[in-house]
Amino acid sequence: MNEDEERPQWDNKAQFLLTCIGFAVGLGNVWRFPYQLQSNGGGAFLIPYLIMLVFEGIPLLYVELTVGQWLRKGSMGAWIKINPFLKGLGICSLFVSFLVGMYYNTIIAWCLYYLCNSFQDPLPWKSCPVVNGTSYITECQKSSSSEYFWYRETLHITSSIEVSGGIQTHLLATMILAWMIVALCLIKGIASSGKVVYVTATFPYLVLFCFLVRGVTLRGASTGLRYLFNPKVELLSDPQIWLTASTQIFFSLSLAFGGMIAFSSYNPKDSDVEVDTLIVCVTNSVTSLLASVVIFAVLGFKATVDYETCVEGNIQTLLDFHDLPEASITVDTYDTFLIERYGSYFGGIAERGLNNCSVEANLDDGVSGTGLAFIVFADAILEMPGSPIWAILFFLMLLTLGLDSMFGNIEGVLTPLNDIGLTKKYRNEFVVVGIVLVSFLVSLTFIQGSGNYWLDVFDKYAGSIPLLIIAFFELIAVGWIYRYDRFNNELSKFLKPRDNLFRKALYWFWWATVPIISPILLLAVFIYYIYDSIITPLKYDAWQENLGDNISLSYPGYVIAISVIITLICTIWIPLGAVVELVKRFFCGHQTGRVLNVGEVGYSVKETGHYNSGYDHNLADLPRAVTSGNDNLPYDPPANKFPYIDDDNISKKE
């Protein structure tokens with residue numbers, strides 16, 4: 001039985017697409033993209049976003065899906081077949097997936113904790129705890145009930161990264177549960193995870209639709225949406241906006257982790273990879289826009305409620321000062337009263353020392369990441385009728401989004417290990433359990449009191465710059481090292497015929513983007529990241545219990561050293577792998593032969609050096625196809641040896 005027959009396959013195309021969409025559509029679509037859209041020009045941000053999607057995201061995803069489907073290998077095996085000098089590229093993807101998976105599952109543990117606490121009414125973050133039945137806790141009064149529940153009740157956060165705070169037992173319980181869920185879903189490989197995605201990949205859309213229907217009917221929702229999409233066209237001249245759009249596209253598609261290569265390696269070789277690429281990319285971007293509408297519809301409602309609460313407080317102050325009867329000033333007549341009584345709105349605010357209430361100011365306090373999910377949106381849910389139900393749905397949605405991403409991260413580790421023969425020595429179940437156990441032990445770092453700070457360190461140095469480097473070399477490998485013309489020739493054997501305008505347009509689009517445009521864009525983004533890292537102080541936000549707020553602190557020296565080590569672990573294998581291959585070729589001996597090309601009349605002779613990459617064969621047995629160029633095609637050795645001519649004995653051999 002050959003390798004293709006032995007390799008597992010998806011039950012159907014839907015499983016593959018749902019798995020890829022689930023991996024691409026993650027937590028960042030819900031809590032990062034809406035913030036980026038709002039803070040980078042509103043509707044105008046969609047222009048650079050769509051341009052970067054077309055010229056960066058789509059080509060890179062196409063490369064990863066085609067490489068996996070064509071070579072039927074995970075990231076390690078695939079890039080070695082492309083060129084032995086690229087063996088380190090797959091190792092880098094493996095380490096990135098491993099490190100990111102460790103801290104990503106911590107977020108799932110947080111979601112589980114919030115989910116468990118959502119089954120009560122009122123929700124536990126609705127009000128501040130009372131001390132001795134008489135007064136509220138000072139930390140909660142200085143911040144808010146939702147911030148207090150997040151920083152104190154959930155994280156038990158310390159005042160700096162240097163203070164451990166010990167392992168939090170309630171998070172340890174949810175962490176164990178989170179890793180058990182991941183292990184059970186992946187225990188049988190794609191045979192089990194492929195069935196789980198029917199739920200985990202579709203459930204978030206059901207919840208988003210429910211929130212959409214409910215959100216747009218809330219008062220103030222239109223205000224939030226106008227604020228979100230109001231285009232600030234003048235910002236398009238700022239290069240920062242374009243670079244932000246580029247990085248958003250890159251990270252939102254989960255590129256360079258090796259997960260997409262692994263998933264596509266289980267695809268039939270004749271699957272329509274071009275259409276698959278477009279479906280995943282379009283679905284990912286549409287989901288980001290849908291999540292933005294949902295988030296800002298609800299935040300618009302929350303901002304309106306906060307505005308009305310603020311105005312009602314000012315109204316009471318005015319009623320008391322002017323000795324007016326109740327209801328003589330309403331929220332609707334508040335502005336008019338100030339103008340008539342004090343000559344202007346701000347004149348009344350200043351003279352009476354009133355709070356300056358503004359819906360836009362409330363919306364300006366935008367946050368992204370965990371702050372949006374566990375503080376701002378959790379706080380907004382409190383104002384919705386039936387808040388526990390909405391909280392359960394929201395954190396279930398985050399849970400399933402996180403699980404889908406975890407499937408991709410673990411598969412980015414598991415598939416390369418399987419491809420190098422680990423499952424021939426150990427059953428797949430044992431390999432999965434081994435990965436989960438090691439990941440769990442290391443991830444205990446993230447459930448200490450200082451765990452949130454360490455999670456940010458891993459996210460910044462394992463899940464950003466290394467991915468840019470890996471993706472850049474993937475494009476260079478296909479476009480220039482292997483050469484895109486040869487790559488395209490191989491794909492033409494299983495791609496759909498280019499017999500219509502759509503297929504012909506894609507042909508020229510890949511030619512323009514894969515070897516040229518996309519690498520240039522990624523190089524620009526990488527240079528920007530390096531520049532930004534140099535000019536930006538190495539600081540982090542640390543929560544202070546006595547202030548009820550964050551302050552900016554500098555990272556200690558040992559944390560900076562760990563950050564450098566994390567980055568090196570995820571990138572050093574690219575040059576190291578090339579050096580090892582070079583040394584192996586240099587010291588393992590050489591043979592010089594003349595490989596013959598089979599032609600119509602005779603043989604065209606060329607000089608070539610002995611190829612040695614773990615194969616102990618004569619030159620004729622090597623895993624290369626004999627062509628008219630100096631090409632090392634990534635094929636397994638054919639059953640019949642190609643003829644060759646020895647330097648000393650010009651005679652044909654079989």
# chains A, B, ... in the order shown; residues from 1 in each chain; ligands from 1
call {"tool": "residues_around", "arguments": {"residues": "Val559 in chain A", "least_positions_apart": "2", "cutoff": "9 Å", "atoms": "only C-alpha atoms", "output": "list in words"}}
result
Ile161, Glu162, Trp454, Val457, Tyr555, Pro556, Gly557, Ala561, Ile562, Ser563 and Val564 of chain A
call {"tool": "residues_around", "arguments": {"residues": "Leu289 in chain A", "least_positions_apart": "6", "cutoff": "12 Å", "atoms": "only C-alpha atoms", "output": "list of chain:residue names"}}
result
A:Val25, A:Gly28, A:Asn29, A:Val30, A:Trp31, A:Arg32, A:Phe33, A:Pro34, A:Tyr35, A:Gln36, A:Leu37, A:Gln38, A:Gly42, A:Gly43, A:Phe45, A:Leu46, A:Tyr49, A:Leu50, A:Leu208, A:Leu212, A:Leu225, A:Leu228, A:Phe229, A:Val282, A:Thr283, A:Ile295, A:Phe296
call {"tool": "closest_residue", "arguments": {"among": "A:Gly386, A:Pro325, A:Pro59, A:Pro8", "to": "Leu522 in chain A", "atoms": "only C-alpha atoms"}}
result
A:Pro59
call {"tool": "closest_residue", "arguments": {"among": "A:Ala477, A:Thr317, A:Lys493, A:Gly68", "to": "Pro84 in chain A", "atoms": "only C-alpha atoms"}}
result
A:Ala477
call {"tool": "residues_around", "arguments": {"residues": "range 483-489 of chain A", "least_positions_apart": "5", "cutoff": "8 Å", "atoms": "only C-alpha atoms", "output": "ChimeraX atom specification"}}
result
/A:477-478,511,514-515
call {"tool": "write_last_selection", "arguments": {"atoms": "N, CA, C and O atoms", "output": "mmCIF file, in the first residue's frame"}}
result
data_model
loop_
_atom_site.group_PDB
_atom_site.id
_atom_site.type_symbol
_atom_site.label_atom_id
_atom_site.label_comp_id
_atom_site.auth_asym_id
_atom_site.auth_seq_id
_atom_site.Cartn_x
_atom_site.Cartn_y
_atom_site.Cartn_z
ATOM 1 N N ALA A 477 10.508 30.204 -0.934
ATOM 2 C CA ALA A 477 10.773 28.805 -1.268
ATOM 3 C C ALA A 477 10.036 28.390 -2.531
ATOM 4 O O ALA A 477 10.610 27.765 -3.430
ATOM 5 N N VAL A 478 8.757 28.734 -2.605
ATOM 6 C CA VAL A 478 7.945 28.339 -3.757
ATOM 7 C C VAL A 478 8.247 29.214 -4.970
ATOM 8 O O VAL A 478 8.359 28.718 -6.099
ATOM 9 N N TRP A 511 0.682 34.064 -10.546
ATOM 10 C CA TRP A 511 1.993 34.390 -11.098
ATOM 11 C C TRP A 511 2.483 35.754 -10.602
ATOM 12 O O TRP A 511 3.676 35.941 -10.334
ATOM 13 N N VAL A 514 2.402 35.413 -5.930
ATOM 14 C CA VAL A 514 3.192 34.460 -5.141
ATOM 15 C C VAL A 514 4.690 34.757 -5.194
ATOM 16 O O VAL A 514 5.338 34.855 -4.133
ATOM 17 N N PRO A 515 5.291 34.917 -6.371
ATOM 18 C CA PRO A 515 6.739 35.156 -6.368
ATOM 19 C C PRO A 515 7.146 36.621 -6.194
ATOM 20 O O PRO A 515 8.307 36.896 -5.889
#
call {"tool": "residues_around", "arguments": {"residues": "Leu414 in chain A", "least_positions_apart": "3", "cutoff": "8 Å", "atoms": "only C-alpha atoms", "output": "number ranges by chain"}}
result
A: 410-411, 417-418, 431-432
call {"tool": "closest_atom_pairs", "arguments": {"of": "range 522-575 of chain A", "to": "range 245-250 of chain A", "cutoff": "10 Å", "atoms": "only C-alpha atoms", "output": "CSV"}}
result
residue,atom,partner,partner_atom,distance
A:Leu522,CA,A:Ser246,CA,8.2
A:Ala524,CA,A:Ser246,CA,9.5
A:Val525,CA,A:Thr247,CA,7.1
A:Phe526,CA,A:Thr247,CA,9.4
A:Tyr529,CA,A:Thr247,CA,9.5
call {"tool": "select_by_dssp", "arguments": {"residues": "range 359-595 of chain A", "states": "strand (DSSP E or B)", "output": "VMD selection string"}}
result
chain A and resid 448 539 to 544 549 to 554 592 to 595
call {"tool": "select_by_dssp", "arguments": {"residues": "range 184-404 of chain A", "states": "helix (DSSP H, G or I)", "output": "NGL selection string"}}
result
:A and (184-186 or 190-200 or 203-215 or 221-229 or 233-237 or 239-252 or 259-264 or 273-322 or 334-342 or 345-352 or 359-364 or 370-381 or 387-404)
call {"tool": "closest_residue", "arguments": {"among": "A:Ile80, A:Ile91, A:Leu299, A:Ala462", "to": "Phe377 in chain A", "atoms": "only C-alpha atoms"}}
result
A:Leu299
call {"tool": "residues_around", "arguments": {"residues": "Met260 in chain A", "least_positions_apart": "6", "cutoff": "7 Å", "atoms": "only C-alpha atoms", "output": "list of chain:residue names"}}
result
A:Cys20, A:Glu64, A:Leu65
call {"tool": "write_last_selection", "arguments": {"atoms": "C-alpha atoms", "output": "PDB file, in the first residue's frame"}}
result
ATOM      1  CA  CYS A  20      -9.902  25.360   7.775  1.00  0.00           C
ATOM      2  CA  GLU A  64       0.067  26.527   2.016  1.00  0.00           C
ATOM      3  CA  LEU A  65      -2.992  24.605   0.846  1.00  0.00           C
TER       4      LEU A  65
END
